[in-house]
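S.K.: Provided below: protein_23.cif, containing mmCIF, C-alpha atoms and all ligand atoms.
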data_final
loop_
_atom_site.label_atom_id
_atom_site.label_comp_id
_atom_site.auth_asym_id
_atom_site.auth_seq_id
_atom_site.Cartn_x
_atom_site.Cartn_y
_atom_site.Cartn_z
CA MET A 1 90.16 112.18 188.17
CA SER A 2 86.75 111.86 186.58
CA ASP A 3 85.63 108.38 185.47
CA MET A 4 84.46 110.07 182.27
CA GLU A 5 87.23 112.54 181.63
CA HIS A 6 87.29 111.91 177.87
CA VAL A 7 83.58 112.55 177.51
CA ARG A 8 83.98 115.63 179.68
CA ASN A 9 86.76 116.98 177.47
CA GLU A 10 85.39 116.01 174.08
CA ASP A 11 81.69 116.56 174.45
CA PRO A 12 80.71 118.80 177.35
CA GLU A 13 77.05 118.79 176.30
CA VAL A 14 76.69 115.01 176.52
CA PHE A 15 78.85 115.00 179.65
CA LYS A 16 76.58 117.51 181.38
CA ALA A 17 73.50 115.38 180.71
CA MET A 18 75.29 112.20 181.85
CA GLU A 19 76.41 113.88 185.04
CA ALA A 20 72.88 115.12 185.71
CA GLU A 21 71.52 111.60 185.10
CA LEU A 22 73.94 110.10 187.63
CA THR A 23 72.81 112.70 190.17
CA ARG A 24 69.16 111.97 189.37
CA GLN A 25 69.72 108.24 189.93
CA ARG A 26 71.60 108.90 193.18
CA ASP A 27 69.24 111.48 194.67
CA GLY A 28 65.91 109.89 193.85
CA LEU A 29 63.91 106.78 194.67
CA GLU A 30 63.85 104.65 191.52
CA MET A 31 60.59 102.75 191.67
CA ILE A 32 59.92 101.79 188.05
CA PRO A 33 59.68 97.99 188.43
CA SER A 34 61.48 97.28 185.16
CA GLU A 35 64.54 99.34 186.10
CA ASN A 36 67.54 98.51 188.22
CA PHE A 37 71.16 99.47 188.87
CA THR A 38 73.79 97.13 187.42
CA SER A 39 76.96 96.18 189.25
CA MET A 40 80.14 98.12 188.46
CA ALA A 41 81.45 95.02 186.65
CA VAL A 42 78.44 94.97 184.30
CA LEU A 43 78.79 98.69 183.76
CA GLU A 44 82.48 98.37 182.88
CA ALA A 45 81.83 95.56 180.38
CA SER A 46 79.01 97.56 178.77
CA GLY A 47 81.30 100.54 178.20
CA SER A 48 84.28 98.53 176.98
CA VAL A 49 86.33 97.98 173.79
CA LEU A 50 84.03 95.07 172.94
CA THR A 51 81.78 97.65 171.30
CA ASN A 52 84.37 97.85 168.49
CA LYS A 53 83.87 94.34 167.15
CA TYR A 54 81.68 92.78 164.44
CA SER A 55 80.74 89.14 165.16
CA GLU A 56 77.86 88.21 162.87
CA GLY A 57 77.15 84.51 163.32
CA TYR A 58 77.60 82.37 166.42
CA PRO A 59 80.67 81.13 168.37
CA LYS A 60 83.07 79.29 166.01
CA LYS A 61 80.73 80.10 163.06
CA ARG A 62 81.39 83.79 162.36
CA TYR A 63 81.39 85.83 159.20
CA TYR A 64 84.33 87.98 160.41
CA GLY A 65 87.84 87.23 161.58
CA GLY A 66 89.30 88.14 164.95
CA ASN A 67 86.49 86.68 167.02
CA GLU A 68 88.41 84.26 169.22
CA PHE A 69 87.85 86.30 172.40
CA ILE A 70 84.31 87.27 171.52
CA ASP A 71 83.62 83.54 171.07
CA GLU A 72 84.90 82.94 174.60
CA ILE A 73 82.63 85.65 175.99
CA GLU A 74 79.50 84.58 174.11
CA THR A 75 80.09 80.93 175.02
CA LEU A 76 80.41 81.90 178.70
CA ALA A 77 77.13 83.82 178.50
CA ILE A 78 75.33 80.92 176.79
CA GLU A 79 76.66 78.29 179.20
CA ARG A 80 75.85 80.43 182.24
CA ALA A 81 72.29 81.05 181.01
CA LYS A 82 71.80 77.31 180.42
CA LYS A 83 73.11 76.46 183.88
CA LEU A 84 71.25 79.20 185.76
CA PHE A 85 67.85 78.55 184.18
CA LYS A 86 68.39 74.79 183.67
CA VAL A 87 67.72 74.76 179.93
CA PRO A 88 69.50 72.95 177.08
CA TYR A 89 69.71 75.99 174.76
CA ALA A 90 70.14 79.74 175.00
CA ASN A 91 70.63 82.55 172.50
CA VAL A 92 72.07 85.69 174.11
CA GLN A 93 72.13 87.91 171.02
CA PRO A 94 68.68 89.60 170.93
CA TYR A 95 69.14 93.36 171.13
CA SER A 96 66.29 93.60 173.61
CA GLY A 97 62.96 92.09 174.63
CA SER A 98 60.86 93.13 171.64
CA PRO A 99 63.20 91.64 169.00
CA ALA A 100 63.54 88.51 171.15
CA ASN A 101 59.77 88.07 171.18
CA MET A 102 59.52 88.81 167.46
CA ALA A 103 62.09 86.08 166.83
CA VAL A 104 59.88 83.61 168.70
CA TYR A 105 56.89 84.49 166.52
CA LEU A 106 58.88 84.18 163.32
CA ALA A 107 60.42 80.87 164.40
CA VAL A 108 57.12 79.13 165.21
CA CYS A 109 54.36 81.03 163.38
CA LYS A 110 53.49 82.28 159.90
CA PRO A 111 51.88 85.67 159.36
CA GLY A 112 48.12 85.31 159.86
CA ASP A 113 48.45 82.53 162.47
CA THR A 114 46.47 82.91 165.68
CA ILE A 115 48.31 83.82 168.87
CA MET A 116 47.21 84.58 172.43
CA GLY A 117 48.63 86.90 175.07
CA LEU A 118 47.50 88.87 178.12
CA ASN A 119 45.60 92.01 177.10
CA LEU A 120 47.69 95.19 177.48
CA SER A 121 45.51 96.98 180.02
CA ASP A 122 45.23 93.74 182.02
CA GLY A 123 49.02 93.82 182.46
CA GLY A 124 50.26 92.27 179.21
CA HIS A 125 53.09 93.48 176.98
CA LEU A 126 52.81 95.24 173.62
CA THR A 127 54.63 92.34 171.91
CA HIS A 128 52.14 89.78 173.20
CA GLY A 129 49.76 90.77 170.40
CA TRP A 130 48.59 94.31 171.16
CA LYS A 131 46.94 95.99 168.18
CA THR A 132 49.51 98.81 167.77
CA SER A 133 52.44 96.35 167.85
CA GLU A 134 53.43 94.53 164.66
CA THR A 135 52.68 91.36 166.65
CA GLY A 136 49.01 92.33 166.72
CA GLN A 137 49.02 93.15 163.01
CA LEU A 138 51.03 90.29 161.50
CA PHE A 139 49.19 87.69 163.56
CA LYS A 140 45.57 87.16 164.54
CA SER A 141 45.69 88.17 168.18
CA VAL A 142 43.19 86.81 170.69
CA PRO A 143 43.82 88.53 174.02
CA TYR A 144 42.91 87.02 177.36
CA HIS A 145 42.20 88.98 180.53
CA VAL A 146 42.31 89.07 184.32
CA ASP A 147 39.23 88.34 186.44
CA LYS A 148 37.54 90.62 188.99
CA GLN A 149 40.22 89.81 191.59
CA GLY A 150 42.93 90.85 189.14
CA LEU A 151 44.14 87.25 188.59
CA ILE A 152 44.76 85.81 185.11
CA ASP A 153 41.45 84.21 184.12
CA VAL A 154 42.65 80.69 183.35
CA GLU A 155 39.13 79.53 182.49
CA GLU A 156 38.86 82.25 179.86
CA VAL A 157 42.28 81.26 178.51
CA ARG A 158 41.08 77.66 178.17
CA LYS A 159 37.83 78.69 176.45
CA LEU A 160 39.57 81.05 174.01
CA ALA A 161 42.27 78.50 173.25
CA MET A 162 39.69 75.78 172.52
CA GLU A 163 37.72 78.11 170.27
CA ASN A 164 40.65 79.69 168.42
CA LYS A 165 43.29 76.93 168.36
CA PRO A 166 46.28 79.31 168.60
CA LYS A 167 49.69 78.41 167.27
CA LEU A 168 51.42 80.24 170.11
CA ILE A 169 50.37 81.28 173.62
CA TRP A 170 52.32 83.81 175.70
CA ILE A 171 52.43 83.76 179.45
CA GLY A 172 54.11 86.80 180.94
CA ALA A 173 53.34 90.37 181.89
CA THR A 174 54.59 93.87 182.48
CA ALA A 175 52.02 94.93 185.04
CA TYR A 176 50.96 91.84 186.96
CA THR A 177 51.66 91.48 190.64
CA MET A 178 50.75 87.83 191.21
CA SER A 179 52.63 84.60 190.46
CA LEU A 180 52.23 83.33 186.90
CA PRO A 181 50.23 80.06 186.58
CA PHE A 182 52.65 78.18 184.32
CA ALA A 183 51.30 74.67 185.01
CA GLU A 184 47.70 75.60 184.17
CA PHE A 185 48.81 77.22 180.92
CA ALA A 186 50.89 74.18 180.01
CA LYS A 187 47.80 71.94 180.24
CA ILE A 188 45.87 74.27 177.95
CA ALA A 189 48.69 74.67 175.42
CA ASP A 190 49.23 70.90 175.32
CA GLU A 191 45.52 70.27 174.82
CA VAL A 192 45.35 72.56 171.77
CA GLY A 193 48.82 71.72 170.46
CA ALA A 194 50.11 75.30 170.83
CA TYR A 195 53.62 76.45 171.56
CA LEU A 196 53.78 77.98 175.02
CA ALA A 197 56.29 80.81 175.51
CA ALA A 198 56.99 82.41 178.89
CA ASP A 199 58.19 86.00 178.77
CA ILE A 200 59.87 86.28 182.18
CA SER A 201 61.47 89.69 181.56
CA HIS A 202 60.17 91.16 184.80
CA ILE A 203 60.71 88.16 187.04
CA ALA A 204 63.88 86.64 185.53
CA GLY A 205 65.97 87.45 188.61
CA LEU A 206 63.30 86.03 190.91
CA VAL A 207 63.11 82.85 188.80
CA ALA A 208 66.92 82.48 188.77
CA ALA A 209 66.96 82.89 192.55
CA GLY A 210 64.10 80.42 193.09
CA VAL A 211 61.87 83.12 194.53
CA HIS A 212 59.28 82.72 191.73
CA GLU A 213 58.41 79.33 190.20
CA SER A 214 60.40 78.60 187.04
CA PRO A 215 58.44 78.09 183.81
CA VAL A 216 61.10 75.74 182.44
CA ASN A 217 59.30 72.44 183.08
CA HIS A 218 56.05 73.76 181.65
CA VAL A 219 56.79 75.81 178.53
CA HIS A 220 58.60 75.31 175.22
CA ILE A 221 60.33 78.67 175.01
CA VAL A 222 61.43 81.30 177.55
CA THR A 223 62.31 84.88 176.66
CA SER A 224 63.65 87.53 178.99
CA THR A 225 65.24 90.91 178.99
CA THR A 226 68.41 91.01 181.05
CA HIS A 227 68.20 94.46 182.65
CA LYS A 228 65.29 94.17 185.07
CA THR A 229 65.41 91.97 188.19
CA LEU A 230 68.35 90.14 186.60
CA ARG A 231 70.48 93.33 186.97
CA GLY A 232 72.33 92.94 183.69
CA PRO A 233 72.80 95.32 180.79
CA ARG A 234 70.02 96.25 178.35
CA GLY A 235 69.64 93.06 176.28
CA ALA A 236 67.71 89.81 176.08
CA ILE A 237 67.91 86.01 176.04
CA ILE A 238 65.81 83.35 174.32
CA MET A 239 65.88 79.86 175.80
CA VAL A 240 64.40 76.59 174.59
CA THR A 241 63.46 73.96 177.14
CA ASP A 242 63.65 70.16 176.91
CA LYS A 243 59.89 70.23 176.39
CA GLY A 244 60.43 72.65 173.48
CA ILE A 245 63.02 70.39 171.88
CA ALA A 246 60.74 67.38 172.34
CA LYS A 247 57.98 69.27 170.49
CA ASP A 248 60.30 70.35 167.68
CA PRO A 249 63.88 69.04 167.61
CA LEU A 250 64.80 71.93 165.26
CA LEU A 251 63.35 74.66 167.48
CA ALA A 252 66.69 75.93 168.80
CA GLU A 253 68.16 76.01 165.30
CA LYS A 254 65.11 77.89 164.01
CA ILE A 255 65.46 80.50 166.74
CA ASP A 256 69.19 80.96 166.06
CA LYS A 257 68.44 81.49 162.36
CA THR A 258 65.59 83.89 163.07
CA ILE A 259 67.81 86.08 165.26
CA PHE A 260 70.69 85.99 162.79
CA PRO A 261 70.49 86.40 159.83
CA GLY A 262 66.67 86.68 160.05
CA LEU A 263 66.25 89.79 162.17
CA GLN A 264 69.57 91.11 163.38
CA GLY A 265 73.10 91.83 162.25
CA GLY A 266 76.14 91.84 164.49
CA PRO A 267 75.52 91.08 168.15
CA HIS A 268 76.37 93.76 170.70
CA ASP A 269 79.42 92.06 172.18
CA HIS A 270 79.85 94.59 175.00
CA THR A 271 76.29 93.73 176.07
CA THR A 272 76.99 90.00 175.77
CA ALA A 273 79.91 90.42 178.20
CA GLY A 274 77.63 92.34 180.58
CA ILE A 275 75.04 89.55 180.33
CA ALA A 276 77.71 86.92 181.07
CA ILE A 277 78.76 88.84 184.19
CA ALA A 278 75.17 89.39 185.35
CA LEU A 279 74.46 85.66 184.96
CA LEU A 280 77.52 84.83 187.06
CA GLU A 281 76.39 87.31 189.71
CA ALA A 282 72.88 85.83 189.64
CA SER A 283 74.26 82.37 190.43
CA LYS A 284 75.71 83.51 193.77
CA PRO A 285 74.03 83.07 197.17
CA GLU A 286 73.95 86.88 197.66
CA PHE A 287 71.67 87.14 194.64
CA LYS A 288 69.16 84.78 196.23
CA GLU A 289 69.21 86.97 199.34
CA TYR A 290 68.78 90.06 197.15
CA CYS A 291 65.74 88.64 195.33
CA THR A 292 64.19 87.38 198.57
CA GLN A 293 64.52 90.92 199.93
CA ILE A 294 62.96 92.42 196.75
CA VAL A 295 59.79 90.44 197.42
CA LYS A 296 59.83 91.14 201.18
CA ASN A 297 60.14 94.84 200.37
CA SER A 298 57.35 94.67 197.83
CA LYS A 299 55.03 92.98 200.35
CA ALA A 300 55.98 95.46 203.09
CA LEU A 301 55.26 98.35 200.72
CA ALA A 302 51.91 96.84 199.72
CA GLN A 303 50.90 96.37 203.33
CA ALA A 304 51.89 99.91 204.31
CA LEU A 305 50.13 101.44 201.29
CA SER A 306 46.95 99.51 202.07
CA ALA A 307 47.15 100.79 205.65
CA GLU A 308 47.27 104.31 204.18
CA GLY A 309 43.99 103.57 202.36
CA ILE A 310 45.62 103.23 198.91
CA LYS A 311 43.94 100.62 196.72
CA LEU A 312 46.09 98.03 194.96
CA VAL A 313 45.15 95.89 191.97
CA SER A 314 44.76 92.29 193.23
CA ASN A 315 45.00 93.75 196.75
CA GLY A 316 48.72 93.11 197.08
CA THR A 317 51.72 91.50 195.48
CA GLU A 318 53.57 88.21 195.22
CA ASN A 319 56.51 89.56 193.24
CA HIS A 320 58.59 92.74 192.86
CA MET A 321 55.78 94.95 191.64
CA LEU A 322 52.69 96.83 192.81
CA LEU A 323 49.94 98.46 190.81
CA ILE A 324 48.08 101.29 192.50
CA ASP A 325 44.46 101.65 191.44
CA LEU A 326 43.61 105.35 191.58
CA THR A 327 39.98 104.97 190.48
CA PRO A 328 38.61 105.58 194.00
CA PHE A 329 39.74 109.19 193.32
CA GLY A 330 38.38 109.31 189.74
CA LYS A 331 39.58 108.20 186.31
CA GLY A 332 42.80 109.13 184.48
CA LYS A 333 44.61 110.35 187.63
CA GLY A 334 47.87 108.51 186.88
CA VAL A 335 49.42 111.43 185.05
CA PHE A 336 49.01 113.80 188.04
CA VAL A 337 50.43 111.29 190.49
CA GLN A 338 53.40 110.39 188.25
CA GLU A 339 54.25 114.07 187.70
CA ALA A 340 53.90 114.93 191.38
CA LEU A 341 56.03 111.95 192.43
CA ASP A 342 58.65 112.99 189.86
CA ALA A 343 58.73 116.43 191.45
CA ALA A 344 59.21 114.74 194.83
CA GLY A 345 62.12 112.66 193.49
CA ILE A 346 60.22 109.36 193.31
CA THR A 347 60.27 107.83 189.82
CA THR A 348 57.29 105.62 188.93
CA ASN A 349 55.17 105.19 185.84
CA LYS A 350 51.52 105.86 185.12
CA ASN A 351 49.94 102.64 183.92
CA THR A 352 46.64 101.24 182.77
CA ILE A 353 44.74 99.02 185.19
CA PRO A 354 42.36 96.14 184.43
CA ASN A 355 39.10 97.54 182.96
CA GLU A 356 40.84 100.86 182.46
CA PRO A 357 38.16 103.58 182.42
CA SER A 358 40.49 106.15 180.80
CA SER A 359 43.26 105.65 178.16
CA PRO A 360 46.87 104.32 177.97
CA PHE A 361 48.22 107.90 177.81
CA TYR A 362 46.04 109.13 180.69
CA PRO A 363 45.63 105.91 182.65
CA SER A 364 44.22 105.37 186.12
CA GLY A 365 47.04 103.48 187.75
CA ILE A 366 50.61 103.85 188.99
CA ARG A 367 53.03 100.95 188.60
CA LEU A 368 55.87 100.64 191.05
CA GLY A 369 58.43 98.15 192.22
CA THR A 370 61.24 97.44 194.62
CA PRO A 371 64.19 95.97 192.61
CA ALA A 372 66.23 99.19 192.34
CA LEU A 373 65.55 100.28 195.95
CA THR A 374 66.60 96.83 197.13
CA THR A 375 69.82 97.06 195.12
CA ARG A 376 70.61 100.18 197.18
CA GLY A 377 70.16 98.14 200.37
CA MET A 378 66.76 99.43 201.47
CA LYS A 379 64.61 97.14 203.60
CA GLU A 380 61.11 96.92 205.13
CA GLU A 381 61.71 99.94 207.40
CA GLU A 382 62.37 102.18 204.41
CA MET A 383 59.36 100.72 202.56
CA LYS A 384 57.09 101.85 205.40
CA ALA A 385 58.48 105.38 205.20
CA ILE A 386 58.21 105.39 201.39
CA ALA A 387 54.56 104.26 201.59
CA LYS A 388 53.82 107.34 203.69
CA MET A 389 55.61 109.58 201.17
CA LEU A 390 53.67 108.03 198.28
CA SER A 391 50.39 108.39 200.12
CA THR A 392 51.06 112.05 200.98
CA VAL A 393 51.80 112.92 197.36
CA ILE A 394 48.83 110.94 196.01
CA LYS A 395 46.44 112.64 198.42
CA GLU A 396 47.91 116.04 197.54
CA VAL A 397 46.92 115.73 193.86
CA LYS A 398 44.00 113.29 193.94
CA ASP A 399 41.37 115.95 193.30
CA ARG A 400 42.91 117.21 190.06
CA GLU A 401 40.67 116.63 187.04
CA LEU A 402 41.80 116.27 183.44
CA PRO A 403 39.96 118.62 181.08
CA GLU A 404 38.08 116.73 178.33
CA ASP A 405 39.42 118.98 175.57
CA LYS A 406 42.88 117.86 174.30
CA GLU A 407 44.44 121.32 173.99
CA GLU A 408 43.08 122.40 177.34
CA ARG A 409 44.64 119.24 178.78
CA THR A 410 48.13 120.18 177.59
CA ALA A 411 47.82 123.71 179.00
CA TYR A 412 46.38 122.40 182.27
CA LEU A 413 49.22 119.90 182.71
CA ALA A 414 51.86 122.58 181.98
CA LYS A 415 50.31 124.78 184.69
CA PHE A 416 50.09 121.79 187.05
CA ARG A 417 53.82 121.09 186.57
CA GLN A 418 54.59 124.72 187.30
CA GLU A 419 52.51 124.65 190.47
CA LEU A 420 54.32 121.52 191.67
CA LEU A 421 57.56 123.50 191.81
CA SER A 422 56.23 125.57 194.70
CA ASN A 423 54.08 122.93 196.39
CA LYS A 424 55.17 122.80 200.05
CA LYS A 425 54.15 119.17 200.70
CA VAL A 426 55.97 117.98 197.58
CA GLU A 427 59.00 120.01 198.60
CA GLU A 428 59.00 118.39 202.07
CA ILE A 429 58.83 114.90 200.55
CA ARG A 430 61.66 115.84 198.16
CA LYS A 431 63.83 116.62 201.21
CA GLU A 432 62.88 113.32 202.87
CA VAL A 433 63.74 111.46 199.66
CA ARG A 434 67.16 113.11 199.45
CA ALA A 435 67.88 112.30 203.11
CA MET A 436 66.92 108.65 202.62
CA CYS A 437 68.99 108.33 199.42
CA ALA A 438 72.03 109.78 201.19
CA LYS A 439 71.91 106.85 203.62
CA PHE A 440 72.04 104.33 200.72
CA PRO A 441 74.79 105.58 198.40
CA LEU A 442 74.72 104.52 194.77
CA TYR A 443 77.88 103.88 192.71
CA GLU A 444 80.02 105.04 195.59
CA GLY A 445 83.29 106.49 194.45
CA MET A 446 82.11 107.01 190.87
CA GLU A 447 83.00 110.50 189.81
CA LEU A 448 81.86 112.20 186.69
N1 LIG B 501 59.00 98.64 179.04
C1 LIG B 501 59.09 97.46 179.85
C2 LIG B 501 58.50 97.67 181.19
O1 LIG B 501 58.64 98.76 181.71
O2 LIG B 501 57.89 96.77 181.74
C3 LIG B 501 58.54 96.30 179.18
O3 LIG B 501 59.05 96.24 177.90
#
Before we go any further, please render this structure as structure tokens.

M.R.:
Amino acid sequence: MSDMEHVRNEDPEVFKAMEAELTRQRDGLEMIPSENFTSMAVLEASGSVLTNKYSEGYPKKRYYGGNEFIDEIETLAIERAKKLFKVPYANVQPYSGSPANMAVYLAVCKPGDTIMGLNLSDGGHLTHGWKTSETGQLFKSVPYHVDKQGLIDVEEVRKLAMENKPKLIWIGATAYTMSLPFAEFAKIADEVGAYLAADISHIAGLVAAGVHESPVNHVHIVTSTTHKTLRGPRGAIIMVTDKGIAKDPLLAEKIDKTIFPGLQGGPHDHTTAGIAIALLEASKPEFKEYCTQIVKNSKALAQALSAEGIKLVSNGTENHMLLIDLTPFGKGKGVFVQEALDAAGITTNKNTIPNEPSSPFYPSGIRLGTPALTTRGMKEEEMKAIAKMLSTVIKEVKDRELPEDKEERTAYLAKFRQELLSNKKVEEIRKEVRAMCAKFPLYEGMEL
């Protein structure tokens, strides 16, 4: 019997795409560092009857009846988050990372206030004040950068903070491979009287497992998505630390009010249940082993790629992520490498690099990570083999040049994609990828 027999019977079109997506996840190497595979328990909760309920409000303070079991679930999620991250307060209702971060702004800033975050092409996130995000338009954004070694330039942060006296400083990243300097940022934020918020979306699992330093003793607020290294469903958490409550005893209350009724309506209770389960899973000794292996894999991959002559931003990694710098081959090569790797069954994403010489749509880097591969059980041995595959594909397309003219670009890329379909080297790597994936089954027994 299919696990999705009702979808199959009622909507064959959606079913077909779902089936193809399961096959894609099973047969390929998932190397986008912000993606992962949840446990079956998280998956079951996410697709459960909890999606039927309205629960506006918070446990025991709802605007709808019939919430006694939802209250139990949300309370479990909150208590588990507090225990795992050692914080006095958690809100598990944000729909995802961007609304969670927006709630932080609205709880501690007024439109027009100055804020600071890591510049996008230096590895920062859109919601940390980038100009095309509302966060860069509603607030006066002063971005900070990485230095020549690719490390966050703490001296620049200090200088900019002294000059601009921000209300809020973000520490966190989406494309940063080194450990985050929470203590240094805390000194700066305290000196200028700013709120310090850590967005640990990428490293939440590593923090929970003690594999990356926790920001909790240094910052006032912590935000995180729940679906990356934490292996939960697609959602987010906002936490306030003791330091945050000491700065403003009403901070937790303000954040609750900003999430609901300020920004959101009914929480996604099926997601809340998935978050509760993921937090329980993350408190187990196996999760510590898992996160330790993520970083070992990442380091093994970095070492093997460097041995293949592939340049990495900051020359390596201290977390789950690597950022390949393709500029030794020219600028804007990320699109060719991402497309060619896709054709080979290796999913990554093109990404800007510090001092990006091209543009965010045609950037010069490739971002990759090991959380999803590690979930499948892959170890250092596989990382060495994958480094060779990556290097072969990169070298196969490194001489491609993007036409300057926009229309020519589109036509050139369409032709490039077509050519990839009959590229022998890419085809060989595709076979190797399939063979490796077959040794590390994903969602065994799940039938669509
Ligand atoms: N889109 C996420 C990532 O890939 O890092 C961040 O929001």

S.K.: Counting all atoms listed in the file, what is within 9 Å of stretch 299-312 of chain A, bar same-chain residues fewer than 6 positions away, as a ChimeraX atom specification?

M.R.: /A:318-328,370,379-388,390-391,394

S.K.: Write out as a PyMOL selection string the residues lying within 10 Å of A:Val337, counting only C-alpha atoms and excluding same-chain residues fewer than 6 positions away.

M.R.: chain A and resi 326+343+348-350+364-366+390+393-398+400

S.K.: Calculated over only C-alpha atoms and all ligand atoms, which of the candidates A:Ala161, A:Leu126, A:Leu84, A:Leu151 has the smallest distance to ligand LIG 501 (chain B)?

M.R.: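 The closest residue to ligand LIG 501 (chain B) is A:Leu126.
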
S.K.: Please indicate the distance in Å from atom CA of A:Ala107 to atom CA of A:Ala198, rounded to one decimal place.

M.R.: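 Atom CA of A:Ala198 lies at a distance of 15.0 Å from atom CA of A:Ala107.
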
S.K.: Give the residue list for ligand LIG 501 (chain B) at 9 Å, counting all atoms listed in the file, as a ChimeraX atom specification, sorted by chain and then by residue number.

M.R.: /A:32-35,96-98,125-127,173-175,201-202,225,228,349

S.K.: Measure the distance from atom CA of A:Ala17 to atom CA of A:Thr38 in Å and round it to one decimal.

M.R.: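 So the two atoms, atom CA of A:Ala17 and atom CA of A:Thr38, lie 19.4 Å apart.
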
S.K.: To one decimal place, how far is atom CA of A:Tyr176 from atom CA of A:Ile188 in Å?

M.R.: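 Straight-line distance from atom CA of A:Tyr176 to atom CA of A:Ile188 works out to 20.4 Å.
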
S.K.: List as a PyMOL selection string: which residues have an atom within 12 Å of (66.5, 85.2, 193.5), counting all atoms listed in the file?

M.R.: chain A and resi 84-85+203-214+229-231+279+281-296+319-320+371

S.K.: Using all atoms listed in the file, can you tell me which of A:Pro99, A:Glu427, A:Gly330, A:Ser121 comes closest to A:Phe361?

M.R.: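 Among the listed residues, A:Ser121 lies closest to A:Phe361.
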
S.K.: Considering all atoms listed in the file, state which residue in the set A:Asn297, A:Ser359, A:Asn315, A:Thr352 is at the smallest distance from A:Gly377.

M.R.: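 The shortest atom-to-atom distance to A:Gly377 comes from A:Asn297.
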
S.K.: Which one of A:Phe329, A:Trp130, A:Tyr95, A:Tyr89 sits closest to A:Glu253 if you count all atoms listed in the file?

M.R.: A:Tyr89

S.K.: Write out as a count of residues only which residues come within 7 Å of A:Ser358 when counting only C-alpha atoms, dropping same-chain ones fewer than 2 positions away.

M.R.: 6

S.K.: Which residues, protein or nucleic acid, reach to within 10 Å of (45.3, 120.5, 183.8) in the file's coordinates when using all atoms listed in the file, and can you give that as a ChimeraX atom specification?

M.R.: /A:336,400-404,407-417

S.K.: If you count only C-alpha atoms, which residues fall within 8 Å of A:Leu50, apart from same-chain ones fewer than 4 positions away, as number ranges by chain?

M.R.: A: 45, 70, 269-270

S.K.: Using only C-alpha atoms, determine which residues lie at most 12 Å from A:Ser141, disregarding the query and same-chain residues fewer than 3 positions distant; provide the list as a ChimeraX atom specification.

M.R.: /A:105,111-120,126-138,144,160-161,164-170

S.K.: When you count all atoms listed in the file, which of these residues is closest to A:Gly262: A:Met162, A:Ala103, A:Ser224, A:Ala81?

M.R.: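 Closest residue, counting all atoms listed in the file: A:Ala103.
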
S.K.: Which residue gives the smallest distance to A:Val222 among A:Lys86, A:Lys140, A:Lys247, A:Lys333, with all atoms listed in the file counted?

M.R.: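 Nearest candidate to A:Val222 out of A:Lys86, A:Lys140, A:Lys247, A:Lys333: A:Lys86.
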